[in-house]
file data.txt (compact mmCIF, C-alpha atoms)
# COMPACT_ATOMS: atom_id res chain seq x y z
CA MET A 1 89.46 -9.54 -2.95
CA VAL A 2 89.34 -9.68 -6.75
CA ARG A 3 87.76 -13.14 -6.63
CA GLY A 4 85.01 -11.94 -4.31
CA GLN A 5 84.24 -8.96 -6.54
CA TRP A 6 84.12 -11.22 -9.59
CA GLN A 7 81.68 -13.59 -7.89
CA LEU A 8 79.48 -10.64 -6.91
CA LEU A 9 79.57 -9.30 -10.48
CA ARG A 10 78.73 -12.73 -11.89
CA ARG A 11 75.80 -13.06 -9.52
CA PHE A 12 74.39 -9.71 -10.62
CA LEU A 13 74.88 -10.62 -14.28
CA GLU A 14 73.12 -13.97 -13.83
CA GLU A 15 70.23 -12.33 -12.00
CA SER A 16 69.91 -9.64 -14.69
CA LEU A 17 69.87 -12.30 -17.41
CA LEU A 18 67.17 -14.27 -15.62
CA ARG A 19 65.07 -11.14 -15.16
CA LEU A 20 65.46 -10.36 -18.87
CA VAL A 21 64.23 -13.83 -19.76
CA PHE A 22 61.23 -13.55 -17.45
CA THR A 23 60.27 -10.09 -18.70
CA GLU A 24 61.01 -10.52 -22.40
CA GLY A 25 60.39 -14.22 -22.99
CA GLU A 26 57.06 -13.57 -24.68
CA ASN A 27 58.59 -10.96 -26.97
CA PHE A 28 61.37 -13.35 -27.97
CA ALA A 29 58.85 -16.02 -28.95
CA LEU A 30 56.49 -13.63 -30.75
CA THR A 31 59.34 -11.97 -32.64
CA ALA A 32 60.84 -15.29 -33.68
CA ILE A 33 57.77 -17.21 -34.84
CA GLY A 34 54.67 -15.12 -34.01
CA ASP A 35 52.55 -13.13 -36.44
CA VAL A 36 52.35 -9.35 -36.62
CA ALA A 37 48.81 -9.08 -35.18
CA ALA A 38 49.65 -11.09 -32.07
CA ARG A 39 52.86 -9.11 -31.59
CA GLY A 40 50.97 -5.80 -31.85
CA THR A 41 48.29 -6.88 -29.40
CA PHE A 42 50.85 -8.03 -26.88
CA GLN A 43 52.86 -4.82 -27.24
CA VAL A 44 49.79 -2.70 -26.51
CA ILE A 45 48.89 -4.67 -23.39
CA SER A 46 52.47 -4.98 -22.12
CA GLN A 47 53.03 -1.23 -22.51
CA LEU A 48 49.99 -0.51 -20.34
CA GLY A 49 51.16 -3.03 -17.75
CA SER A 50 54.73 -1.77 -17.77
CA MET A 51 53.50 1.68 -16.75
CA VAL A 52 52.34 0.25 -13.44
CA VAL A 53 55.61 -1.65 -13.03
CA ARG A 54 57.83 1.34 -13.78
CA LEU A 55 55.86 4.01 -11.94
CA VAL A 56 54.73 2.05 -8.88
CA LEU A 57 56.19 -1.41 -8.34
CA SER A 58 59.84 -0.64 -9.18
CA VAL A 59 59.93 2.40 -6.88
CA TRP A 60 58.08 0.50 -4.17
CA GLU A 61 60.44 -2.48 -4.30
CA GLY A 62 63.55 -0.31 -4.30
CA ALA A 63 62.42 1.64 -1.23
CA CYS A 64 61.47 -1.56 0.62
CA PHE A 65 64.77 -3.26 -0.21
CA SER A 66 66.73 -0.30 1.13
CA ARG A 67 64.69 -0.22 4.33
CA TRP A 68 64.90 -3.99 4.88
CA SER A 69 68.66 -3.95 4.35
CA ARG A 70 69.12 -1.28 7.01
CA LEU A 71 66.84 -3.00 9.50
CA LEU A 72 68.45 -6.41 9.08
CA ALA A 73 71.97 -4.97 9.18
CA GLY A 74 71.07 -3.30 12.48
CA GLY A 75 69.72 -6.55 13.94
CA GLU A 76 66.07 -5.41 13.95
CA HIS A 77 64.69 -8.67 12.58
CA GLU A 78 61.22 -8.36 14.10
CA ALA A 79 60.81 -4.87 12.66
CA ALA A 80 61.86 -6.12 9.21
CA VAL A 81 59.34 -8.97 9.28
CA LEU A 82 56.63 -6.62 10.54
CA LEU A 83 57.35 -4.26 7.66
CA LEU A 84 57.18 -7.19 5.25
CA ARG A 85 53.76 -8.17 6.59
CA ARG A 86 52.50 -4.60 6.24
CA MET A 87 53.83 -4.31 2.70
CA LEU A 88 52.20 -7.62 1.74
CA LYS A 89 48.92 -6.34 3.15
CA VAL A 90 49.20 -3.08 1.23
CA MET A 91 50.08 -5.04 -1.90
CA LEU A 92 47.01 -7.22 -1.38
CA PHE A 93 44.77 -4.16 -1.30
CA PHE A 94 46.59 -2.51 -4.20
CA GLY A 95 46.63 -5.61 -6.40
CA PHE A 96 43.04 -6.55 -5.64
CA SER A 97 41.92 -3.16 -6.95
CA PHE A 98 43.14 -4.23 -10.41
CA ILE A 99 41.29 -7.54 -10.15
CA LEU A 100 38.15 -5.81 -8.89
CA LEU A 101 37.91 -2.93 -11.36
CA GLY A 102 40.27 -3.81 -14.21
CA PRO A 103 38.39 -6.55 -16.11
CA PRO A 104 35.00 -4.75 -16.24
CA LEU A 105 36.63 -1.52 -17.46
CA SER A 106 39.16 -3.01 -19.89
CA GLY A 107 37.12 -2.31 -23.02
CA TRP A 108 36.35 1.25 -21.95
CA LEU A 109 40.02 1.90 -21.06
CA LEU A 110 41.29 0.68 -24.43
CA GLY A 111 38.76 2.85 -26.22
CA VAL A 112 39.80 5.94 -24.25
CA LEU A 113 43.58 5.46 -24.46
CA TYR A 114 43.74 4.21 -28.05
CA SER A 115 40.61 3.86 -30.16
CA SER A 116 37.74 1.50 -30.78
CA ARG A 117 39.94 -0.30 -33.29
CA TRP A 118 41.96 -1.75 -30.42
CA SER A 119 38.85 -2.81 -28.47
CA SER A 120 38.64 -6.18 -30.18
CA PRO A 121 37.51 -9.16 -28.06
CA GLU A 122 41.02 -10.67 -28.09
CA THR A 123 42.66 -7.44 -26.93
CA VAL A 124 40.04 -6.85 -24.24
CA ARG A 125 40.37 -10.42 -22.98
CA THR A 126 44.16 -10.10 -22.87
CA LEU A 127 43.99 -6.87 -20.85
CA GLN A 128 41.50 -8.48 -18.47
CA LEU A 129 43.94 -11.32 -17.86
CA TYR A 130 46.80 -8.87 -17.41
CA CYS A 131 44.89 -7.26 -14.54
CA TYR A 132 45.30 -10.56 -12.67
CA ALA A 133 49.04 -10.52 -13.40
CA THR A 134 49.61 -7.20 -11.60
CA PRO A 135 49.20 -8.49 -8.01
CA ALA A 136 51.26 -11.57 -8.89
CA MET A 137 54.09 -9.31 -10.07
CA GLY A 138 53.80 -7.19 -6.94
CA PHE A 139 53.88 -10.08 -4.47
CA SER A 140 56.77 -11.86 -6.20
CA GLY A 141 58.74 -8.60 -6.40
CA LEU A 142 58.35 -7.79 -2.69
CA LEU A 143 59.23 -11.32 -1.61
CA GLU A 144 62.31 -11.40 -3.83
CA CYS A 145 63.46 -8.04 -2.45
CA PHE A 146 63.14 -9.25 1.13
CA LEU A 147 64.93 -12.48 0.25
CA ARG A 148 67.86 -10.61 -1.29
CA ALA A 149 68.13 -8.45 1.81
CA ALA A 150 67.88 -11.31 4.33
CA ALA A 151 69.25 -14.47 2.72
CA SER A 152 72.69 -15.96 3.08
CA PRO A 153 74.88 -16.59 0.00
CA GLU A 154 73.94 -20.28 0.09
CA ILE A 155 70.21 -19.54 -0.05
CA LEU A 156 70.74 -17.01 -2.84
CA ARG A 157 72.55 -19.67 -4.85
CA ARG A 158 69.60 -22.00 -4.33
CA GLN A 159 67.28 -19.27 -5.53
CA GLN A 160 69.32 -18.77 -8.70
CA LYS A 161 69.23 -22.48 -9.48
CA VAL A 162 65.46 -22.56 -9.12
CA LEU A 163 65.07 -19.41 -11.23
CA LEU A 164 67.26 -20.95 -13.92
CA VAL A 165 64.95 -23.96 -14.12
CA LEU A 166 61.85 -21.75 -14.13
CA SER A 167 63.24 -19.45 -16.81
CA THR A 168 64.12 -22.39 -19.06
CA ALA A 169 60.63 -23.85 -18.66
CA TYR A 170 59.12 -20.40 -19.22
CA VAL A 171 60.91 -19.80 -22.52
CA CYS A 172 60.05 -23.30 -23.74
CA GLY A 173 56.42 -22.69 -22.77
CA CYS A 174 56.35 -19.38 -24.67
CA PHE A 175 57.62 -20.98 -27.87
CA ALA A 176 55.23 -23.92 -27.49
CA ILE A 177 52.25 -21.59 -27.05
CA VAL A 178 53.15 -19.44 -30.06
CA THR A 179 53.65 -22.58 -32.15
CA TYR A 180 50.57 -24.61 -31.20
CA ARG A 181 48.06 -21.99 -29.94
CA GLN A 182 48.30 -19.26 -32.57
CA GLU A 183 44.60 -18.36 -32.41
CA ASP A 184 44.81 -17.28 -28.74
CA ALA A 185 48.56 -17.10 -28.26
CA VAL A 186 48.59 -13.70 -26.51
CA SER A 187 46.05 -14.69 -23.84
CA CYS A 188 47.87 -17.95 -23.20
CA LEU A 189 51.18 -16.06 -22.86
CA VAL A 190 49.65 -13.80 -20.21
CA LEU A 191 48.36 -16.85 -18.33
CA LEU A 192 51.82 -18.42 -18.52
CA ASN A 193 53.28 -15.19 -17.19
CA ILE A 194 50.89 -15.27 -14.23
CA CYS A 195 51.86 -18.87 -13.44
CA SER A 196 55.53 -17.92 -13.68
CA LYS A 197 55.12 -15.03 -11.23
CA VAL A 198 53.18 -17.23 -8.79
CA LEU A 199 55.91 -19.87 -8.85
CA ARG A 200 58.60 -17.24 -8.35
CA GLY A 201 56.72 -15.77 -5.41
CA TRP A 202 56.15 -19.18 -3.84
CA THR A 203 59.86 -20.01 -4.26
CA SER A 204 60.90 -16.75 -2.59
CA ALA A 205 58.41 -17.29 0.26
CA TYR A 206 59.73 -20.81 0.87
CA LEU A 207 63.36 -19.63 0.90
CA ILE A 208 62.46 -16.79 3.28
CA THR A 209 61.19 -19.38 5.76
CA GLN A 210 64.58 -21.10 5.46
CA CYS A 211 66.45 -17.94 6.52
CA THR A 212 67.59 -17.86 10.13
CA LYS A 213 68.37 -15.06 12.54
CA PRO A 214 72.14 -14.51 12.89
CA GLY A 215 73.48 -15.64 16.23
CA GLU A 216 70.24 -17.38 17.27
CA GLY A 217 70.89 -20.90 16.05
CA HIS A 218 68.16 -22.29 13.82
CA SER A 219 65.51 -19.75 14.79
CA PRO A 220 63.63 -18.89 11.56
CA LEU A 221 63.50 -15.28 10.47
CA ALA A 222 59.88 -15.62 9.33
CA THR A 223 57.28 -18.39 9.23
CA TRP A 224 54.56 -19.28 6.75
CA ARG A 225 52.04 -17.72 9.12
CA ASP A 226 53.90 -14.41 8.96
CA LEU A 227 53.72 -14.44 5.16
CA THR A 228 50.15 -15.67 4.67
CA ASN A 229 48.11 -14.39 7.61
CA VAL A 230 48.16 -10.69 6.66
CA VAL A 231 44.39 -10.01 6.65
CA GLY A 232 41.48 -11.50 8.54
CA TRP A 233 38.81 -13.77 7.09
CA ARG A 234 36.16 -11.08 7.56
CA THR A 235 38.08 -8.73 5.27
CA VAL A 236 38.62 -11.50 2.73
CA SER A 237 34.89 -12.30 2.75
CA VAL A 238 33.95 -8.68 2.09
CA MET A 239 36.51 -8.49 -0.72
CA LEU A 240 35.04 -11.58 -2.37
CA CYS A 241 31.54 -10.12 -2.07
CA LEU A 242 32.72 -6.94 -3.77
CA LEU A 243 34.36 -9.00 -6.49
CA ARG A 244 31.10 -10.81 -7.11
CA LEU A 245 29.24 -7.49 -7.17
CA SER A 246 31.64 -6.06 -9.77
CA ARG A 247 30.94 -9.02 -12.05
CA VAL A 248 27.15 -8.86 -11.64
CA VAL A 249 26.47 -5.17 -12.26
CA PRO A 250 26.79 -3.79 -15.82
CA PRO A 251 30.40 -2.86 -16.66
CA ARG A 252 29.86 0.90 -16.71
CA VAL A 253 32.11 3.58 -15.29
CA SER A 254 29.41 4.84 -12.92
CA HIS A 255 28.76 1.38 -11.49
CA MET A 256 32.47 0.61 -11.11
CA THR A 257 32.94 3.96 -9.37
CA GLY A 258 30.40 2.87 -6.77
CA VAL A 259 32.15 -0.47 -6.32
CA GLY A 260 35.48 1.33 -5.99
CA LEU A 261 34.09 3.62 -3.28
CA LEU A 262 32.83 0.62 -1.34
CA TYR A 263 36.26 -0.95 -1.62
CA LEU A 264 37.90 2.26 -0.42
CA LEU A 265 35.55 2.27 2.56
CA LEU A 266 36.62 -1.29 3.35
CA ILE A 267 40.30 -0.30 3.29
CA LEU A 268 39.72 2.71 5.54
CA THR A 269 37.90 0.59 8.12
CA THR A 270 40.67 -1.99 8.54
CA GLU A 271 42.42 -1.99 11.90
CA GLU A 272 45.90 -0.99 10.70
CA VAL A 273 44.58 1.88 8.59
CA ARG A 274 42.56 3.13 11.55
CA GLN A 275 45.71 2.97 13.69
CA LEU A 276 47.68 4.93 11.09
CA ILE A 277 44.94 7.57 10.92
CA GLN A 278 44.83 7.84 14.71
CA GLU A 279 48.62 8.16 14.87
CA GLY A 280 48.54 10.87 12.22
CA VAL A 281 45.82 12.79 14.06
CA ALA A 282 47.76 12.45 17.34
CA LYS A 283 50.92 13.84 15.70
CA LEU A 284 49.01 16.79 14.27
CA ARG A 285 47.51 17.55 17.66
CA SER A 286 50.91 17.35 19.36
CA ARG A 287 52.38 19.74 16.79
CA ARG A 288 49.57 22.21 17.38
CA VAL A 289 50.15 22.02 21.13
CA VAL A 290 53.85 22.68 20.63
CA GLN A 291 53.15 25.64 18.35
CA LYS A 292 50.68 27.15 20.80
CA SER A 293 53.15 26.71 23.67
CA LYS A 294 55.83 28.55 21.65
CA GLU A 295 53.42 31.39 20.91
call {"tool": "encode", "arguments": {"input": "data.txt", "output": "structure tokens"}}
result
Amino acid sequence: MVRGQWQLLRRFLEESLLRLVFTEGENFALTAIGDVAARGTFQVISQLGSMVVRLVLSVWEGACFSRWSRLLAGGEHEAAVLLLRRMLKVMLFFGFSFILLGPPLSGWLLGVLYSSRWSSPETVRTLQLYCYATPAMGFSGLLECFLRAAASPEILRRQQKVLLVLSTAYVCGCFAIVTYRQEDAVSCLVLLNICSKVLRGWTSAYLITQCTKPGEGHSPLATWRDLTNVVGWRTVSVMLCLLRLSRVVPPRVSHMTGVGLLYLLLILTTEEVRQLIQEGVAKLRSRRVVQKSKE
């Protein structure tokens, strides 16, 4: 009993240490050998990005992990995978909004939140790159939550070994960038962070496909098709057209508002959103019928 609790505690400690390395690796490198200007620029951008992580992604991941744990514990594997597909689709729409509207409005946002002093080309470029990191963080976080809820102890140990290798390479990469690319160290650190999140997400997706349904032999819990085929090609084509439009028109708030409204219209016209709206309308109508019958 004590041995099992100690192993569980050690696993949580190892995972917490790896998360600390992934989230604070850039700060370690900049604090150790970086200059003050680069450290200040990175702190400004990371604080803006951490607001999204703390207010949205952390709450989202915690709620999904709790729901997946209950579904899988109750043997509802298909429902858990269906929820994962829906969450990945929602994350695609949510993360793409940062890619679509974030880079054109980065300079304006920095001027509004801070001042024109912080709207330097390096700071604006770094914030633009950070907008691409947001969906990578979201996807990797959701996939890791599902993996923790569904994986066996053996698969979790494999995940920790891979994360240990990735974290070591990540820290070495941070120090190498700060040492040899001082003129654009902050932008390169953000790019390295994006690559790290993509690798973590791909690792989690691969290990999810290695999970099997309990009591059903080698039947996989989810396939690559379940994880990748979340939206149709028509939706992807329209999203790419909107992305091109946002880069062609002048980066003004009025123009980006129009692009954002078009993107909102695209989301509302997707099949699942239409189904959710129809279900909500049907529930409201049924409640009204019940209230009228009681009266």
call {"tool": "atom_distance", "arguments": {"input": "data.txt", "atom1": "CA of Gly74 in chain A", "atom2": "CA of Arg157 in chain A"}}
result
23.9 Å
call {"tool": "residues_around", "arguments": {"input": "data.txt", "residues": "Thr41 in chain A", "least_positions_apart": "6", "cutoff": "10 Å", "atoms": "all atoms listed in the file", "output": "JSON, numbers by chain"}}
result
{"A": [118, 120, 122, 123, 124, 126, 127, 186, 187]}
call {"tool": "atom_distance", "arguments": {"input": "data.txt", "atom1": "CA of Thr269 in chain A", "atom2": "CA of Met51 in chain A"}}
result
29.4 Å
call {"tool": "residues_around", "arguments": {"input": "data.txt", "residues": "range 210-213 of chain A", "least_positions_apart": "5", "cutoff": "9 Å", "atoms": "all atoms listed in the file", "output": "PyMOL selection string"}}
result
chain A and resi 75+77+147+150-152+155+205+218-223
call {"tool": "closest_residue", "arguments": {"input": "data.txt", "among": "A:Leu163, A:Leu82, A:Met256, A:Val171", "to": "Thr203 in chain A", "atoms": "all atoms listed in the file"}}
result
A:Leu163
call {"tool": "closest_residue", "arguments": {"input": "data.txt", "among": "A:Gly201, A:Gly102, A:Pro121, A:Gly49", "to": "Phe146 in chain A", "atoms": "all atoms listed in the file"}}
result
A:Gly201
call {"tool": "closest_residue", "arguments": {"input": "data.txt", "among": "A:Gln275, A:Thr134, A:Ser204, A:Ser140", "to": "Glu61 in chain A", "atoms": "only C-alpha atoms"}}
result
A:Ser140
call {"tool": "atom_distance", "arguments": {"input": "data.txt", "atom1": "CA of Val44 in chain A", "atom2": "CA of Gln128 in chain A"}}
result
12.9 Å
call {"tool": "closest_residue", "arguments": {"input": "data.txt", "among": "A:Tyr132, A:Tyr180, A:Phe98, A:Trp224", "to": "Arg85 in chain A", "atoms": "only C-alpha atoms"}}
result
A:Trp224
call {"tool": "residues_near_point", "arguments": {"input": "data.txt", "point": "(61.1, -21.0, -16.5)", "cutoff": "10 Å", "atoms": "all atoms listed in the file", "output": "PyMOL selection string"}}
result
chain A and resi 18+21-22+25+162-174+192-193+195-197+199-200
call {"tool": "write_last_selection", "arguments": {"input": "data.txt", "atoms": "C-alpha atoms", "output": "compact mmCIF listing (two decimals), in the frame of the given file"}}
result
# COMPACT_ATOMS: atom_id res chain seq x y z
CA LEU A 18 67.17 -14.27 -15.62
CA VAL A 21 64.23 -13.83 -19.76
CA PHE A 22 61.23 -13.55 -17.45
CA GLY A 25 60.39 -14.22 -22.99
CA VAL A 162 65.46 -22.56 -9.12
CA LEU A 163 65.07 -19.41 -11.23
CA LEU A 164 67.26 -20.95 -13.92
CA VAL A 165 64.95 -23.96 -14.12
CA LEU A 166 61.85 -21.75 -14.13
CA SER A 167 63.24 -19.45 -16.81
CA THR A 168 64.12 -22.39 -19.06
CA ALA A 169 60.63 -23.85 -18.66
CA TYR A 170 59.12 -20.40 -19.22
CA VAL A 171 60.91 -19.80 -22.52
CA CYS A 172 60.05 -23.30 -23.74
CA GLY A 173 56.42 -22.69 -22.77
CA CYS A 174 56.35 -19.38 -24.67
CA LEU A 192 51.82 -18.42 -18.52
CA ASN A 193 53.28 -15.19 -17.19
CA CYS A 195 51.86 -18.87 -13.44
CA SER A 196 55.53 -17.92 -13.68
CA LYS A 197 55.12 -15.03 -11.23
CA LEU A 199 55.91 -19.87 -8.85
CA ARG A 200 58.60 -17.24 -8.35
